[in-house]
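Colleague: Contents of data.cif (mmCIF, N, CA and C atoms):
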data_my_file
#
loop_
_atom_site.label_atom_id
_atom_site.label_comp_id
_atom_site.auth_asym_id
_atom_site.auth_seq_id
_atom_site.Cartn_x
_atom_site.Cartn_y
_atom_site.Cartn_z
N MET J 25 -4.21 -9.04 24.70
CA MET J 25 -5.20 -9.86 24.04
C MET J 25 -5.81 -10.76 25.12
N ALA J 26 -7.11 -10.83 25.17
CA ALA J 26 -7.80 -11.55 26.23
C ALA J 26 -7.64 -13.06 26.10
N PHE J 27 -7.69 -13.58 24.90
CA PHE J 27 -7.66 -15.03 24.70
C PHE J 27 -6.41 -15.43 23.93
N TYR J 28 -5.27 -15.23 24.55
CA TYR J 28 -4.00 -15.54 23.91
C TYR J 28 -3.71 -17.03 24.03
N VAL J 29 -3.36 -17.66 22.91
CA VAL J 29 -3.01 -19.07 22.88
C VAL J 29 -1.60 -19.18 22.31
N LYS J 30 -0.71 -19.84 23.03
CA LYS J 30 0.65 -20.01 22.53
C LYS J 30 0.64 -20.86 21.28
N LEU J 31 1.39 -20.43 20.29
CA LEU J 31 1.44 -21.16 19.03
C LEU J 31 2.74 -21.93 18.85
N GLY J 32 3.71 -21.69 19.71
CA GLY J 32 4.98 -22.39 19.60
C GLY J 32 5.72 -22.00 18.34
N PRO J 33 6.33 -22.97 17.66
CA PRO J 33 7.09 -22.67 16.44
C PRO J 33 6.20 -22.07 15.34
N ARG J 34 4.94 -22.45 15.32
CA ARG J 34 4.04 -21.88 14.31
C ARG J 34 3.87 -20.39 14.51
N GLY J 35 3.94 -19.94 15.75
CA GLY J 35 3.81 -18.52 16.05
C GLY J 35 4.94 -17.70 15.45
N VAL J 36 6.14 -18.26 15.48
CA VAL J 36 7.30 -17.58 14.90
C VAL J 36 7.12 -17.45 13.39
N ILE J 37 6.69 -18.53 12.76
CA ILE J 37 6.46 -18.51 11.31
C ILE J 37 5.34 -17.53 10.96
N PHE J 38 4.28 -17.55 11.76
CA PHE J 38 3.16 -16.64 11.54
C PHE J 38 3.61 -15.18 11.67
N ARG J 39 4.40 -14.90 12.70
CA ARG J 39 4.88 -13.53 12.92
C ARG J 39 5.80 -13.09 11.79
N ALA J 40 6.69 -13.97 11.37
CA ALA J 40 7.60 -13.64 10.26
C ALA J 40 6.81 -13.37 8.99
N GLY J 41 5.76 -14.14 8.77
CA GLY J 41 4.92 -13.93 7.58
C GLY J 41 4.19 -12.60 7.61
N THR J 42 3.67 -12.23 8.78
CA THR J 42 2.96 -10.95 8.86
C THR J 42 3.92 -9.77 8.69
N ILE J 43 5.15 -9.91 9.21
CA ILE J 43 6.15 -8.85 9.00
C ILE J 43 6.50 -8.75 7.52
N LEU J 44 6.68 -9.89 6.85
CA LEU J 44 7.00 -9.90 5.43
C LEU J 44 5.88 -9.27 4.61
N ILE J 45 4.63 -9.58 4.94
CA ILE J 45 3.49 -8.98 4.24
C ILE J 45 3.49 -7.47 4.42
N GLY J 46 3.79 -7.01 5.62
CA GLY J 46 3.86 -5.57 5.89
C GLY J 46 4.94 -4.89 5.08
N ILE J 47 6.10 -5.52 4.99
CA ILE J 47 7.21 -4.95 4.22
C ILE J 47 6.87 -4.90 2.75
N LEU J 48 6.35 -6.00 2.21
CA LEU J 48 6.00 -6.04 0.79
C LEU J 48 4.90 -5.03 0.46
N GLY J 49 3.92 -4.90 1.34
CA GLY J 49 2.86 -3.91 1.12
C GLY J 49 3.39 -2.50 1.12
N SER J 50 4.36 -2.23 1.99
CA SER J 50 4.97 -0.89 2.03
C SER J 50 5.73 -0.60 0.75
N VAL J 51 6.44 -1.59 0.24
CA VAL J 51 7.20 -1.41 -1.00
C VAL J 51 6.26 -1.14 -2.17
N VAL J 52 5.17 -1.89 -2.25
CA VAL J 52 4.20 -1.70 -3.33
C VAL J 52 3.60 -0.30 -3.24
N TYR J 53 3.23 0.13 -2.05
CA TYR J 53 2.66 1.47 -1.87
C TYR J 53 3.67 2.55 -2.25
N TRP J 54 4.92 2.38 -1.84
CA TRP J 54 5.97 3.35 -2.13
C TRP J 54 6.20 3.48 -3.64
N ARG J 55 6.24 2.33 -4.33
CA ARG J 55 6.45 2.37 -5.78
C ARG J 55 5.27 3.01 -6.49
N ALA J 56 4.05 2.71 -6.04
CA ALA J 56 2.87 3.30 -6.66
C ALA J 56 2.84 4.80 -6.43
N SER J 57 3.24 5.26 -5.26
CA SER J 57 3.23 6.70 -4.98
C SER J 57 4.29 7.41 -5.82
N ARG J 58 5.40 6.77 -6.08
CA ARG J 58 6.43 7.37 -6.94
C ARG J 58 5.94 7.47 -8.37
N ARG J 59 5.20 6.46 -8.84
CA ARG J 59 4.69 6.49 -10.21
C ARG J 59 3.66 7.59 -10.38
N ARG J 60 2.84 7.82 -9.33
CA ARG J 60 1.85 8.90 -9.41
C ARG J 60 2.54 10.24 -9.56
N GLY J 61 3.68 10.43 -8.91
CA GLY J 61 4.42 11.68 -8.99
C GLY J 61 5.04 11.90 -10.36
N MET J 62 5.34 10.82 -11.07
CA MET J 62 5.98 10.93 -12.39
C MET J 62 4.97 11.14 -13.51
N MET J 63 3.71 10.84 -13.25
CA MET J 63 2.70 10.94 -14.30
C MET J 63 2.49 12.39 -14.73
N VAL J 64 2.20 12.55 -16.00
CA VAL J 64 1.88 13.88 -16.52
C VAL J 64 0.43 14.16 -16.19
N ARG J 65 0.21 15.27 -15.52
CA ARG J 65 -1.15 15.62 -15.14
C ARG J 65 -1.77 16.47 -16.24
N PRO J 66 -2.94 16.08 -16.71
CA PRO J 66 -3.58 16.86 -17.77
C PRO J 66 -4.02 18.22 -17.23
N LYS J 67 -3.84 19.24 -18.06
CA LYS J 67 -4.25 20.58 -17.66
C LYS J 67 -5.68 20.81 -18.11
N LEU J 68 -6.44 21.40 -17.24
CA LEU J 68 -7.83 21.71 -17.57
C LEU J 68 -7.88 22.93 -18.46
N VAL J 69 -8.60 22.82 -19.53
CA VAL J 69 -8.76 23.92 -20.47
C VAL J 69 -10.22 24.35 -20.41
N ALA J 70 -10.43 25.64 -20.22
CA ALA J 70 -11.80 26.14 -20.15
C ALA J 70 -12.44 25.98 -21.53
N ALA J 71 -13.59 25.36 -21.56
CA ALA J 71 -14.32 25.15 -22.82
C ALA J 71 -15.09 26.42 -23.15
N LEU J 72 -15.06 26.78 -24.41
CA LEU J 72 -15.81 27.94 -24.86
C LEU J 72 -17.25 27.50 -25.16
N VAL J 73 -18.17 28.13 -24.50
CA VAL J 73 -19.57 27.77 -24.68
C VAL J 73 -20.27 28.92 -25.37
N GLU J 74 -20.86 28.61 -26.51
CA GLU J 74 -21.60 29.65 -27.23
C GLU J 74 -23.06 29.59 -26.82
N ASN J 75 -23.59 30.76 -26.50
CA ASN J 75 -25.01 30.84 -26.11
C ASN J 75 -25.85 31.22 -27.30
#
Turn the structure described in the file into structure tokens.
Modeller:
Amino acid sequence: MAFYVKLGPRGVIFRAGTILIGILGSVVYWRASRRRGMMVRPKLVAALVEN
């Protein structure tokens, strides 16, 4: 990073927060993907068209 500024103790808190956000986002994505797999997928039925 070209313009790095030391944050001191705030940097540790900031880093911990970004790691926590990443973990929580991964858990939410994982749960949502599992729910998509459990859903019943509707079957397409060919419609009869009378001419």
Colleague: How far is it from atom N of Ser50 (chain J) to CA of Phe38 (chain J), in Å with one decimal?
Modeller: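 If I compute the distance from atom N of Ser50 (chain J) to CA of Phe38 (chain J), I get 17.3 Å.
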Colleague: Please, what distance in Å, to one decimal, runs between atom N of Ala56 (chain J) and atom C of Leu44 (chain J)?
Modeller: 16.1 Å
Colleague: May I ask for the distance between atom N of Leu31 (chain J) and atom N of Ile43 (chain J), given in Å to one decimal place?
Modeller: 15.7 Å
